[in-house]
>>> print(open('upload.pdb').read())   # PDB, C-alpha atoms and all ligand atoms
ATOM      1  CA  MET A  31       0.000   0.000   0.000
ATOM      2  CA  CYS A  32       1.448   3.380  -0.945
ATOM      3  CA  ASP A  33       1.730   6.113   1.663
ATOM      4  CA  TYR A  34       0.080   9.212   0.236
ATOM      5  CA  THR A  35       0.221  11.175   3.476
ATOM      6  CA  VAL A  36       3.714  12.534   2.913
ATOM      7  CA  LEU A  37       4.057  16.292   3.011
ATOM      8  CA  ARG A  38       3.855  17.928  -0.340
ATOM      9  CA  TYR A  39       6.444  20.632  -0.700
ATOM     10  CA  ASN A  40       6.148  22.337  -4.044
ATOM     11  CA  ARG A  41       7.208  25.666  -5.505
ATOM     12  CA  GLY A  42       8.471  26.684  -2.072
ATOM     13  CA  MET A  43       5.055  26.180  -0.431
ATOM     14  CA  LEU A  44       3.511  23.443   1.689
ATOM     15  CA  TYR A  45       0.362  21.970   0.181
ATOM     16  CA  PRO A  46      -1.955  19.104   1.108
ATOM     17  CA  THR A  47      -1.470  15.972  -0.973
ATOM     18  CA  VAL A  48      -4.224  15.756  -3.583
ATOM     19  CA  THR A  49      -6.178  12.667  -4.639
ATOM     20  CA  LEU A  50      -8.377  13.059  -7.695
ATOM     21  CA  ALA A  51     -11.282  10.597  -7.717
ATOM     22  CA  TYR A  52     -14.046  10.400 -10.268
ATOM     23  CA  ALA A  53     -16.096   7.933 -12.284
ATOM     24  CA  GLN A  54     -16.346   7.690 -16.029
ATOM     25  CA  SER A  55     -17.999   5.530 -18.659
ATOM     26  CA  LEU A  56     -16.171   3.351 -21.190
ATOM     27  CA  ASP A  57     -15.996   6.318 -23.564
ATOM     28  CA  GLY A  58     -14.622   8.635 -20.864
ATOM     29  CA  SER A  59     -17.835  10.526 -20.035
ATOM     30  CA  ILE A  60     -18.360  11.824 -16.508
ATOM     31  CA  ALA A  61     -21.913  13.016 -17.242
ATOM     32  CA  ALA A  62     -24.412  12.605 -20.077
ATOM     33  CA  ARG A  63     -24.700  16.387 -20.375
ATOM     34  CA  ARG A  64     -23.136  19.189 -18.378
ATOM     35  CA  GLY A  65     -25.350  19.914 -15.442
ATOM     36  CA  GLU A  66     -26.804  16.417 -15.362
ATOM     37  CA  HIS A  67     -26.130  13.702 -12.838
ATOM     38  CA  PHE A  68     -24.395  10.543 -14.091
ATOM     39  CA  GLU A  69     -25.448   7.248 -12.491
ATOM     40  CA  ARG A  70     -21.865   6.325 -12.080
ATOM     41  CA  CYS A  71     -21.228   3.018 -10.525
ATOM     42  CA  GLY A  72     -22.407   0.073  -8.493
ATOM     43  CA  ASP A  73     -22.764  -0.316  -4.735
ATOM     44  CA  ALA A  74     -19.226  -1.558  -4.092
ATOM     45  CA  ALA A  75     -17.636   1.328  -5.988
ATOM     46  CA  ALA A  76     -19.940   3.779  -4.201
ATOM     47  CA  LYS A  77     -18.637   2.359  -0.928
ATOM     48  CA  LEU A  78     -15.072   2.985  -2.107
ATOM     49  CA  THR A  79     -16.034   6.623  -2.740
ATOM     50  CA  HIS A  80     -17.197   6.936   0.858
ATOM     51  CA  GLN A  81     -14.062   5.163   2.098
ATOM     52  CA  LEU A  82     -11.953   7.721   0.228
ATOM     53  CA  ARG A  83     -13.959  10.540   1.798
ATOM     54  CA  ALA A  84     -13.317   9.076   5.246
ATOM     55  CA  GLU A  85      -9.582   8.852   4.539
ATOM     56  CA  HIS A  86      -9.200  12.519   3.558
ATOM     57  CA  ASP A  87      -9.266  15.672   5.663
ATOM     58  CA  ALA A  88     -11.265  17.552   3.022
ATOM     59  CA  ILE A  89     -13.230  17.004  -0.192
ATOM     60  CA  LEU A  90     -13.471  19.606  -2.963
ATOM     61  CA  VAL A  91     -15.870  20.024  -5.893
ATOM     62  CA  GLY A  92     -16.734  22.901  -8.206
ATOM     63  CA  VAL A  93     -20.004  24.783  -8.030
ATOM     64  CA  GLY A  94     -21.027  23.165 -11.359
ATOM     65  CA  THR A  95     -21.216  19.832  -9.549
ATOM     66  CA  VAL A  96     -23.245  21.329  -6.702
ATOM     67  CA  LEU A  97     -25.712  22.825  -9.188
ATOM     68  CA  ALA A  98     -25.968  19.545 -11.146
ATOM     69  CA  ASP A  99     -26.011  16.957  -8.384
ATOM     70  CA  ASP A 100     -26.560  18.685  -5.015
ATOM     71  CA  PRO A 101     -24.218  16.109  -3.429
ATOM     72  CA  GLU A 102     -23.967  15.557   0.341
ATOM     73  CA  LEU A 103     -20.209  14.769   0.235
ATOM     74  CA  THR A 104     -20.459  13.109   3.664
ATOM     75  CA  VAL A 105     -19.422   9.621   4.781
ATOM     76  CA  ARG A 106     -22.453   7.372   5.035
ATOM     77  CA  LEU A 107     -21.693   3.962   3.522
ATOM     78  CA  VAL A 108     -18.690   3.193   5.761
ATOM     79  CA  ASP A 109     -17.699   4.189   9.291
ATOM     80  CA  GLY A 110     -15.560   7.285   9.421
ATOM     81  CA  LYS A 111     -15.336  10.988   9.914
ATOM     82  CA  ASN A 112     -16.799  13.430   7.394
ATOM     83  CA  PRO A 113     -14.195  15.421   5.482
ATOM     84  CA  GLN A 114     -14.364  19.212   5.459
ATOM     85  CA  ILE A 115     -16.343  20.178   2.354
ATOM     86  CA  ILE A 116     -14.851  22.783   0.017
ATOM     87  CA  ILE A 117     -16.640  24.322  -2.970
ATOM     88  CA  LEU A 118     -14.871  26.330  -5.682
ATOM     89  CA  ASP A 119     -17.441  28.992  -6.464
ATOM     90  CA  GLY A 120     -16.035  32.291  -7.737
ATOM     91  CA  GLN A 121     -19.331  34.174  -7.944
ATOM     92  CA  LEU A 122     -20.995  32.425  -4.981
ATOM     93  CA  ARG A 123     -23.615  30.772  -7.184
ATOM     94  CA  CYS A 124     -24.057  27.932  -4.705
ATOM     95  CA  PRO A 125     -27.732  27.833  -3.594
ATOM     96  CA  VAL A 126     -28.268  28.509   0.102
ATOM     97  CA  THR A 127     -30.389  25.351   0.180
ATOM     98  CA  ALA A 128     -27.549  23.127  -1.139
ATOM     99  CA  ASN A 129     -26.639  20.108   0.973
ATOM    100  CA  VAL A 130     -22.987  21.203   1.039
ATOM    101  CA  VAL A 131     -23.988  24.487   2.705
ATOM    102  CA  ARG A 132     -26.116  22.701   5.289
ATOM    103  CA  ASN A 133     -23.165  20.369   5.891
ATOM    104  CA  GLY A 134     -20.895  23.285   6.821
ATOM    105  CA  GLY A 135     -18.991  23.647   3.542
ATOM    106  CA  TRP A 136     -16.303  26.222   2.994
ATOM    107  CA  ILE A 137     -17.267  28.163  -0.131
ATOM    108  CA  ILE A 138     -14.296  29.608  -1.945
ATOM    109  CA  GLY A 139     -15.165  32.664  -4.021
ATOM    110  CA  GLU A 140     -13.507  35.655  -5.631
ATOM    111  CA  TRP A 141     -13.228  39.153  -4.309
ATOM    112  CA  GLY A 142     -16.012  41.090  -5.969
ATOM    113  CA  ALA A 143     -18.616  38.344  -5.478
ATOM    114  CA  GLN A 144     -21.894  39.818  -4.271
ATOM    115  CA  ARG A 145     -21.811  40.673  -0.585
ATOM    116  CA  GLU A 146     -25.453  39.682  -0.173
ATOM    117  CA  ARG A 147     -24.741  36.158  -1.501
ATOM    118  CA  ARG A 148     -21.907  35.831   0.973
ATOM    119  CA  MET A 149     -24.119  36.855   3.871
ATOM    120  CA  ASN A 150     -26.912  34.501   2.784
ATOM    121  CA  LEU A 151     -24.535  31.531   2.468
ATOM    122  CA  GLU A 152     -23.032  32.202   5.878
ATOM    123  CA  ALA A 153     -26.480  32.570   7.446
ATOM    124  CA  ALA A 154     -27.352  29.153   5.958
ATOM    125  CA  GLY A 155     -24.366  27.426   7.598
ATOM    126  CA  GLY A 156     -21.547  27.839   5.058
ATOM    127  CA  THR A 157     -18.242  29.613   5.562
ATOM    128  CA  VAL A 158     -17.201  31.913   2.733
ATOM    129  CA  ARG A 159     -13.569  32.739   1.979
ATOM    130  CA  LEU A 160     -12.694  35.091  -0.873
ATOM    131  CA  PHE A 161      -9.481  35.076  -2.924
ATOM    132  CA  SER A 162      -8.134  37.409  -5.610
ATOM    133  CA  ALA A 163      -8.993  35.740  -8.922
ATOM    134  CA  GLU A 164      -6.525  34.924 -11.679
ATOM    135  CA  ASN A 165      -8.189  34.718 -15.114
ATOM    136  CA  HIS A 166     -11.557  34.564 -13.361
ATOM    137  CA  GLN A 167     -10.575  31.473 -11.400
ATOM    138  CA  VAL A 168      -9.739  30.941  -7.775
ATOM    139  CA  PRO A 169      -5.941  30.367  -7.761
ATOM    140  CA  LEU A 170      -5.353  26.796  -6.649
ATOM    141  CA  SER A 171      -1.863  27.449  -5.236
ATOM    142  CA  HIS A 172      -3.252  30.098  -2.848
ATOM    143  CA  LEU A 173      -6.153  27.881  -1.935
ATOM    144  CA  LEU A 174      -3.935  24.859  -1.211
ATOM    145  CA  THR A 175      -1.589  26.929   0.949
ATOM    146  CA  TRP A 176      -4.559  28.320   2.856
ATOM    147  CA  LEU A 177      -5.955  24.799   3.368
ATOM    148  CA  TYR A 178      -2.596  23.530   4.590
ATOM    149  CA  GLU A 179      -2.445  26.374   7.115
ATOM    150  CA  ARG A 180      -5.851  25.240   8.376
ATOM    151  CA  GLY A 181      -4.663  21.705   9.042
ATOM    152  CA  ILE A 182      -5.811  20.056   5.802
ATOM    153  CA  ARG A 183      -3.050  17.574   4.976
ATOM    154  CA  ASN A 184      -4.818  15.553   2.292
ATOM    155  CA  LEU A 185      -7.507  16.678  -0.101
ATOM    156  CA  LEU A 186      -9.901  14.601  -2.203
ATOM    157  CA  VAL A 187     -10.857  16.384  -5.441
ATOM    158  CA  ALA A 188     -14.107  14.928  -6.762
ATOM    159  CA  GLY A 189     -14.924  16.953  -9.902
ATOM    160  CA  GLY A 190     -16.492  18.070 -12.161
ATOM    161  CA  ALA A 191     -14.803  18.560 -15.499
ATOM    162  CA  GLN A 192     -13.502  22.103 -15.036
ATOM    163  CA  VAL A 193     -12.093  21.349 -11.619
ATOM    164  CA  ILE A 194     -10.482  18.071 -12.747
ATOM    165  CA  THR A 195      -8.886  19.905 -15.673
ATOM    166  CA  SER A 196      -7.615  22.773 -13.476
ATOM    167  CA  PHE A 197      -5.975  20.472 -10.931
ATOM    168  CA  LEU A 198      -4.344  18.312 -13.616
ATOM    169  CA  ARG A 199      -3.234  21.247 -15.756
ATOM    170  CA  GLN A 200      -1.593  22.930 -12.785
ATOM    171  CA  LYS A 201       0.011  19.630 -11.719
ATOM    172  CA  PHE A 202      -1.447  19.564  -8.229
ATOM    173  CA  VAL A 203      -2.610  15.928  -8.368
ATOM    174  CA  ASP A 204      -0.581  13.239  -6.592
ATOM    175  CA  ARG A 205      -2.880  10.230  -6.908
ATOM    176  CA  ILE A 206      -5.826   9.284  -9.093
ATOM    177  CA  VAL A 207      -8.578   6.825  -8.261
ATOM    178  CA  LEU A 208     -10.606   6.324 -11.404
ATOM    179  CA  THR A 209     -13.773   4.222 -11.502
ATOM    180  CA  ILE A 210     -14.708   2.921 -14.927
ATOM    181  CA  SER A 211     -18.352   2.017 -15.241
ATOM    182  CA  PRO A 212     -19.071  -0.520 -18.019
ATOM    183  CA  GLN A 213     -21.406   1.626 -20.085
ATOM    184  CA  TYR A 214     -21.261   4.014 -23.017
ATOM    185  CA  VAL A 215     -22.647   7.487 -22.392
ATOM    186  CA  GLY A 216     -21.285   9.753 -25.124
ATOM    187  CA  GLY A 217     -21.387  12.828 -22.902
ATOM    188  CA  VAL A 218     -19.103  15.307 -21.141
ATOM    189  CA  HIS A 219     -15.488  14.259 -20.818
ATOM    190  CA  ALA A 220     -13.337  14.843 -17.739
ATOM    191  CA  LEU A 221     -10.712  16.844 -19.604
ATOM    192  CA  GLU A 222     -11.611  20.167 -21.162
ATOM    193  CA  GLU A 223      -8.285  20.610 -22.937
ATOM    194  CA  SER A 224      -5.407  18.443 -24.054
ATOM    195  CA  LEU A 225      -2.757  17.763 -21.443
ATOM    196  CA  THR A 226      -0.254  15.032 -20.755
ATOM    197  CA  ALA A 227      -0.001  13.021 -17.583
ATOM    198  CA  ARG A 228       0.684   9.398 -16.807
ATOM    199  CA  LEU A 229      -0.031   7.055 -13.905
ATOM    200  CA  GLU A 230       2.667   5.028 -12.162
ATOM    201  CA  ASN A 231       2.590   2.343  -9.483
ATOM    202  CA  ILE A 232      -0.840   1.356 -10.683
ATOM    203  CA  ARG A 233      -3.232  -0.998  -8.960
ATOM    204  CA  VAL A 234      -6.196  -2.279 -10.933
ATOM    205  CA  SER A 235      -9.114  -3.959  -9.198
ATOM    206  CA  GLN A 236     -12.710  -4.860  -9.870
ATOM    207  CA  LEU A 237     -15.597  -3.893  -7.584
ATOM    208  CA  GLY A 238     -18.835  -5.435  -8.793
ATOM    209  CA  ASP A 239     -18.974  -4.570 -12.489
ATOM    210  CA  ASP A 240     -16.749  -1.486 -12.105
ATOM    211  CA  VAL A 241     -13.010  -1.361 -12.722
ATOM    212  CA  ILE A 242     -10.884   0.764 -10.410
ATOM    213  CA  ILE A 243      -7.538   2.193 -11.504
ATOM    214  CA  ASP A 244      -5.532   3.641  -8.635
ATOM    215  CA  GLY A 245      -2.127   5.168  -9.257
ATOM    216  CA  GLU A 246       0.303   7.972  -8.651
ATOM    217  CA  ILE A 247       0.412  10.673 -11.250
ATOM    218  CA  HIS A 248       3.436  11.555 -13.242
ATOM    219  CA  SER A 249       2.908  14.813 -15.153
ATOM    220  CA  LYS A 250       5.233  15.670 -18.029
TER     221      LYS A 250
HETATM  222  N1  LIG A 301     -18.584  11.267 -12.892
HETATM  223  C1  LIG A 301     -18.081  11.896 -11.845
HETATM  224  O1  LIG A 301     -17.317  11.321 -11.052
HETATM  225  C2  LIG A 301     -18.439  13.337 -11.600
HETATM  226  C3  LIG A 301     -17.975  13.972 -10.439
HETATM  227  C4  LIG A 301     -18.325  15.307 -10.230
HETATM  228  C5  LIG A 301     -19.119  15.963 -11.179
HETATM  229  N2  LIG A 301     -19.553  15.305 -12.277
HETATM  230  C6  LIG A 301     -20.366  16.002 -13.289
HETATM  231  O2  LIG A 301     -19.626  17.107 -13.774
HETATM  232  C7  LIG A 301     -20.553  18.122 -14.172
HETATM  233  C8  LIG A 301     -20.109  19.437 -13.568
HETATM  234  O3  LIG A 301     -18.828  19.781 -14.091
HETATM  235  P1  LIG A 301     -18.514  21.284 -14.511
HETATM  236  O4  LIG A 301     -17.254  21.252 -15.266
HETATM  237  O5  LIG A 301     -19.738  21.852 -15.129
HETATM  238  O6  LIG A 301     -18.385  22.019 -13.106
HETATM  239  P2  LIG A 301     -17.330  21.903 -11.900
HETATM  240  O7  LIG A 301     -15.979  21.511 -12.395
HETATM  241  O8  LIG A 301     -17.964  21.098 -10.825
HETATM  242  O9  LIG A 301     -17.319  23.422 -11.382
HETATM  243  C9  LIG A 301     -16.709  24.383 -12.227
HETATM  244  C10 LIG A 301     -16.912  25.762 -11.648
HETATM  245  O10 LIG A 301     -16.073  25.949 -10.515
HETATM  246  C11 LIG A 301     -15.733  27.314 -10.418
HETATM  247  N3  LIG A 301     -14.291  27.502 -10.218
HETATM  248  C12 LIG A 301     -13.740  28.450  -9.429
HETATM  249  N4  LIG A 301     -12.412  28.363  -9.446
HETATM  250  C13 LIG A 301     -12.096  27.346 -10.260
HETATM  251  C14 LIG A 301     -10.863  26.798 -10.669
HETATM  252  N5  LIG A 301      -9.683  27.250 -10.205
HETATM  253  N6  LIG A 301     -10.884  25.779 -11.532
HETATM  254  C15 LIG A 301     -12.061  25.287 -11.987
HETATM  255  N7  LIG A 301     -13.273  25.759 -11.622
HETATM  256  C16 LIG A 301     -13.281  26.804 -10.763
HETATM  257  C17 LIG A 301     -16.146  27.953 -11.736
HETATM  258  O11 LIG A 301     -17.350  28.660 -11.486
HETATM  259  P3  LIG A 301     -17.282  30.249 -11.414
HETATM  260  O12 LIG A 301     -16.735  30.694 -12.751
HETATM  261  O13 LIG A 301     -18.657  30.665 -11.135
HETATM  262  O14 LIG A 301     -16.303  30.490 -10.316
HETATM  263  C18 LIG A 301     -16.469  26.807 -12.644
HETATM  264  O15 LIG A 301     -17.517  27.104 -13.537
HETATM  265  C19 LIG A 301     -21.932  17.699 -13.691
HETATM  266  O16 LIG A 301     -22.708  17.235 -14.780
HETATM  267  C20 LIG A 301     -21.620  16.592 -12.702
HETATM  268  O17 LIG A 301     -22.654  15.614 -12.648
HETATM  269  C21 LIG A 301     -19.227  14.006 -12.514
END
>>> encode(input="upload.pdb", output="structure tokens", more="lines below")
Ligand SMILES: NC(=O)c1ccc[n+]([C@@H]2O[C@H](COP(=O)([O-])OP(=O)(O)OC[C@H]3O[C@@H](n4cnc5c(N)ncnc54)[C@H](OP(=O)(O)O)[C@@H]3O)[C@@H](O)[C@H]2O)c1
Amino acid sequence: MCDYTVLRYNRGMLYPTVTLAYAQSLDGSIAARRGEHFERCGDAAAKLTHQLRAEHDAILVGVGTVLADDPELTVRLVDGKNPQIIILDGQLRCPVTANVVRNGGWIIGEWGAQRERRMNLEAAGGTVRLFSAENHQVPLSHLLTWLYERGIRNLLVAGGAQVITSFLRQKFVDRIVLTISPQYVGGVHALEESLTARLENIRVSQLGDDVIIDGEIHSK
């Protein structure tokens, strides 16, 4: 078993280690259409997802995933502690009624996001933190440093497409756990642009009908 809890020291800063975990179809789709939920995998693979949540200090998704799926992002199918929920949400579009807000999520927006949205999200149970945007995106290096300073040592990144692409493009991913569901979907792919990365020290397993590929990433 690999030890992924080592400190990540990169570009002179301390960051949490990052595991990217998502499910895709045989043709590489993570959703049938953007904004739609994808019935991803079987019961055993769903349990693995919850196990991964329990093993990480925090779980991060983009606001697109919250709007599409309204996920809970808690640990329910195995015993374990809930990770801190983190939502990348520049303009604070996350609904105040979202499960992630009720579950105490940290909502990461940009300076300039509407003050009223911030107040409403905080009144509903969320914590809002604003960063200076770079190209209209929350800068991941600043976010990861901030998370490390708050005791987050390992982070599970769970999608969607824009967030997966950002973390891979900026080479912040240490490990990938990919679930391949045996179906064709012909929908939205995980990567929004071409980039090169390769897995090493791979373990392949089968859970029910799903195939799991778990490996360390080697970006070129
Ligand atoms: N199969 C799976 O495992 C899986 C997992 C998760 C989601 N999904 C699917 O993926 C779809 C959602 O994906 P998506 O691409 O639309 O949305 P997303 O990646 O969940 O969220 C993207 C949004 O995050 C915000 N953001 C802020 N800073 C960012 C940064 N540095 N990098 C990237 N995003 C940043 C942006 O919104 P602002 O511009 O407003 O800031 C951006 O539009 C849904 O259909 C969902 O069902 C599938």
>>> resolve_selection(input="upload.pdb", expression="the PyMOL selection byres (((not hetatm)) within 7 of (chain A and resi 301))", output="ChimeraX atom specification")
/A:51-54,60-61,63-68,70,91-96,98-99,118-123,139,166-170,188-194,196
>>> atom_distance(input="upload.pdb", atom1="atom CA of A:Pro101", atom2="atom CA of A:Val158")
18.4 Å
>>> closest_residue(input="upload.pdb", among="A:Val203, A:Val108, A:Leu186, A:Ile210", to="A:Leu237", atoms="all atoms listed in the file")
A:Ile210
>>> closest_residue(input="upload.pdb", among="A:Ser59, A:Gln114, A:Asn129, A:Gln81", to="A:Arg183", atoms="all atoms listed in the file")
A:Gln114
>>> atom_distance(input="upload.pdb", atom1="atom CA of A:Thr209", atom2="atom CA of A:Asp240")
6.5 Å
>>> closest_residue(input="upload.pdb", among="A:Ala163, A:Cys124, A:Ala220, A:Ile138", to="A:Leu151", atoms="all atoms listed in the file")
A:Cys124
>>> closest_residue(input="upload.pdb", among="A:Val105, A:Ala153, A:Ala128, A:Leu173", to="A:Glu140", atoms="only C-alpha atoms")
A:Leu173
>>> atom_distance(input="upload.pdb", atom1="atom CA of A:Val241", atom2="atom CA of A:Pro212")
8.1 Å
>>> closest_residue(input="upload.pdb", among="A:Leu208, A:Leu225, A:Leu160, A:Val126", to="A:Gly245", atoms="all atoms listed in the file")
A:Leu208
>>> closest_residue(input="upload.pdb", among="A:Val48, A:Leu229, A:Ile243, A:Val207", to="A:Thr79", atoms="all atoms listed in the file")
A:Val207
>>> axis_aligned_box(input="upload.pdb", around="stretch 199-202 of chain A", padding_each_side="6 Å", output="lines of an AutoDock Vina configuration file")
center_x = -1.6
center_y = 21.2
center_z = -12.0
size_x = 15.2
size_y = 15.4
size_z = 19.5
>>> resolve_selection(input="upload.pdb", expression="the PyMOL selection byres (((chain A and resi 232) around 12) and not hetatm)", output="PyMOL selection string")
chain A and resi 31-32+205-208+228-231+233-235+242-248
>>> decode(input="upload.pdb", residues="stretch 136-205 of chain A", atoms="C-alpha atoms", output="JSON list (two decimals), in the first residue's frame")
[["chain", "number", "residue", "atom", "x", "y", "z"],
["A", 136, "TRP", "CA", -16.30, 26.22, 2.99],
["A", 137, "ILE", "CA", -17.27, 28.16, -0.13],
["A", 138, "ILE", "CA", -14.30, 29.61, -1.94],
["A", 139, "GLY", "CA", -15.16, 32.66, -4.02],
["A", 140, "GLU", "CA", -13.51, 35.65, -5.63],
["A", 141, "TRP", "CA", -13.23, 39.15, -4.31],
["A", 142, "GLY", "CA", -16.01, 41.09, -5.97],
["A", 143, "ALA", "CA", -18.62, 38.34, -5.48],
["A", 144, "GLN", "CA", -21.89, 39.82, -4.27],
["A", 145, "ARG", "CA", -21.81, 40.67, -0.59],
["A", 146, "GLU", "CA", -25.45, 39.68, -0.17],
["A", 147, "ARG", "CA", -24.74, 36.16, -1.50],
["A", 148, "ARG", "CA", -21.91, 35.83, 0.97],
["A", 149, "MET", "CA", -24.12, 36.86, 3.87],
["A", 150, "ASN", "CA", -26.91, 34.50, 2.78],
["A", 151, "LEU", "CA", -24.54, 31.53, 2.47],
["A", 152, "GLU", "CA", -23.03, 32.20, 5.88],
["A", 153, "ALA", "CA", -26.48, 32.57, 7.45],
["A", 154, "ALA", "CA", -27.35, 29.15, 5.96],
["A", 155, "GLY", "CA", -24.37, 27.43, 7.60],
["A", 156, "GLY", "CA", -21.55, 27.84, 5.06],
["A", 157, "THR", "CA", -18.24, 29.61, 5.56],
["A", 158, "VAL", "CA", -17.20, 31.91, 2.73],
["A", 159, "ARG", "CA", -13.57, 32.74, 1.98],
["A", 160, "LEU", "CA", -12.69, 35.09, -0.87],
["A", 161, "PHE", "CA", -9.48, 35.08, -2.92],
["A", 162, "SER", "CA", -8.13, 37.41, -5.61],
["A", 163, "ALA", "CA", -8.99, 35.74, -8.92],
["A", 164, "GLU", "CA", -6.53, 34.92, -11.68],
["A", 165, "ASN", "CA", -8.19, 34.72, -15.11],
["A", 166, "HIS", "CA", -11.56, 34.56, -13.36],
["A", 167, "GLN", "CA", -10.57, 31.47, -11.40],
["A", 168, "VAL", "CA", -9.74, 30.94, -7.77],
["A", 169, "PRO", "CA", -5.94, 30.37, -7.76],
["A", 170, "LEU", "CA", -5.35, 26.80, -6.65],
["A", 171, "SER", "CA", -1.86, 27.45, -5.24],
["A", 172, "HIS", "CA", -3.25, 30.10, -2.85],
["A", 173, "LEU", "CA", -6.15, 27.88, -1.93],
["A", 174, "LEU", "CA", -3.93, 24.86, -1.21],
["A", 175, "THR", "CA", -1.59, 26.93, 0.95],
["A", 176, "TRP", "CA", -4.56, 28.32, 2.86],
["A", 177, "LEU", "CA", -5.96, 24.80, 3.37],
["A", 178, "TYR", "CA", -2.60, 23.53, 4.59],
["A", 179, "GLU", "CA", -2.44, 26.37, 7.12],
["A", 180, "ARG", "CA", -5.85, 25.24, 8.38],
["A", 181, "GLY", "CA", -4.66, 21.70, 9.04],
["A", 182, "ILE", "CA", -5.81, 20.06, 5.80],
["A", 183, "ARG", "CA", -3.05, 17.57, 4.98],
["A", 184, "ASN", "CA", -4.82, 15.55, 2.29],
["A", 185, "LEU", "CA", -7.51, 16.68, -0.10],
["A", 186, "LEU", "CA", -9.90, 14.60, -2.20],
["A", 187, "VAL", "CA", -10.86, 16.38, -5.44],
["A", 188, "ALA", "CA", -14.11, 14.93, -6.76],
["A", 189, "GLY", "CA", -14.92, 16.95, -9.90],
["A", 190, "GLY", "CA", -16.49, 18.07, -12.16],
["A", 191, "ALA", "CA", -14.80, 18.56, -15.50],
["A", 192, "GLN", "CA", -13.50, 22.10, -15.04],
["A", 193, "VAL", "CA", -12.09, 21.35, -11.62],
["A", 194, "ILE", "CA", -10.48, 18.07, -12.75],
["A", 195, "THR", "CA", -8.89, 19.90, -15.67],
["A", 196, "SER", "CA", -7.62, 22.77, -13.48],
["A", 197, "PHE", "CA", -5.97, 20.47, -10.93],
["A", 198, "LEU", "CA", -4.34, 18.31, -13.62],
["A", 199, "ARG", "CA", -3.23, 21.25, -15.76],
["A", 200, "GLN", "CA", -1.59, 22.93, -12.78],
["A", 201, "LYS", "CA", 0.01, 19.63, -11.72],
["A", 202, "PHE", "CA", -1.45, 19.56, -8.23],
["A", 203, "VAL", "CA", -2.61, 15.93, -8.37],
["A", 204, "ASP", "CA", -0.58, 13.24, -6.59],
["A", 205, "ARG", "CA", -2.88, 10.23, -6.91]]
